Amino acid sequence: MRIGVFCSGGDAPGMNACTRAVVREAIAAGHEVVGIRRGYQGLLEKDFYRNSLGEPLMALRSVSDWARAGGTYLRSSRSDEFRQEEGLRKAVTVLTQQRIDALIPIGGDGTFHGAVDLMKYWDGQIVGCPGTIDNDLIGTDFTIGFSTAVQTAVEAVDKIRDTADSHERLFVVEVMGRKSGFIAVYTALAAAAETVCIPETDTDVSTIVSDLQALKKRGKSSVMLIVAEGDEDGGAEVLNQRLKEMDCPFSTRVLILGHLQRGGSPTPEDRILASQLGDWAVRALSAGKTGVMVGNVGGECCCTPFEETYVSHKPIPTELLTLVATLAN
Ligand code: F6P
């Protein structure tokens, strides 16, 4: 079988490790691999990775030393053209011309929406790997890139804590997560933050301020308030403004971590997860599966139909939220 592999949507550390696993596992199983550059847009533009002979095929050595590299060597994009019917039909023409039988997209919910649309026009197989720092897909305990993003955020918060302590300040630290608070909650817990605000729960600023007043009375010298960018009240700037309006007892500053969280060499956890998922995706294709995402649930491979991976929000474990509050005391 000829398998096309590509990365799509926001890049995530570990995408290269996943691509490497797909290439090596597929070739070992007797398949051919076409590396599609720049996601769905690259497919439409026939932008393929070329091996040392100039052929649009990946070889075992094409992915040498990819496991530790951040970003994605295949590049990524978000394609508007692919979302239109004309774009989808064009994609089918390219796939047929290139004799591609199956696809392995590595990405998040937008990527899997694209796969579902493509399957309405194309009868090849598609098995996806969850690659997004947001960890917001149902059907896997963790997504590729989440562990590294949390590590980056925790390192930043630890550093900010030093200066916050020196000046007795409160920092409102904004982490990524458009619709999901996973990065925020894990960062808050690991960095011993006092408060966390996420899209999944209501943010009550007056309660936050009275908690802060109690902390100040008890002699707390600094406060870390972690907010997910997609918090229903707005991100760090809005929250900071509201804290000021409501007599926050600390002098405040804002830190927005932004795309920094998407970069860097993947953690061992991300490299291992990415390698397993790439391997499992090839095996799932060989077993005839299609229309599914492979995930790691309790250490086992689990195949979930694309539509179910993004149908609702993956719930944040409430005990983690409670723990942030308990430990802040
Ligand atoms: O989906 C991953 C993510 O990093 C989100 O957390 C964030 O909101 C978004 O991508 C940013 O996307 P862009 O790269 O288009 O700015």
# chains A, B, ... in the order shown; residues from 1 in each chain; ligands from 1
$ residues_near_ligand --ligand "ligand 1" --cutoff "12 Å" --atoms "only C-alpha atoms and all ligand atoms" --output "JSON, numbers by chain"
{"A": [8, 9, 10, 11, 12, 13, 71, 76, 77, 78, 79, 107, 108, 109, 110, 111, 130, 131, 132, 133, 134, 135, 136, 137, 143, 144, 145, 146, 149, 150, 174, 175, 176, 177, 178, 179, 180, 181, 182, 183, 184, 228, 229, 230, 231, 235, 257, 258, 259, 260, 261, 262, 263]}
$ select_by_dssp --residues "stretch 12-125 of chain A" --states "alpha helix (DSSP H)" --output "PyMOL selection string"
chain A and resi 15-28+39-44+85-97+109-119
$ residues_around --residues "A:Thr93" --least-positions-apart "5" --cutoff "10 Å" --atoms "only C-alpha atoms" --output "list in words"
Leu44, Gly87, Leu88, Gln98, Arg99 and Trp122 of chain A
$ residues_around --residues "stretch 215-221 of chain A" --least-positions-apart "3" --cutoff "7 Å" --atoms "only C-alpha atoms" --output "VMD selection string"
chain A and resid 165 168 211 to 212
$ closest_residue --among "A:Thr140, A:Asn329, A:Ser147, A:Thr19" --to "A:Ile3" --atoms "only C-alpha atoms"
A:Thr19
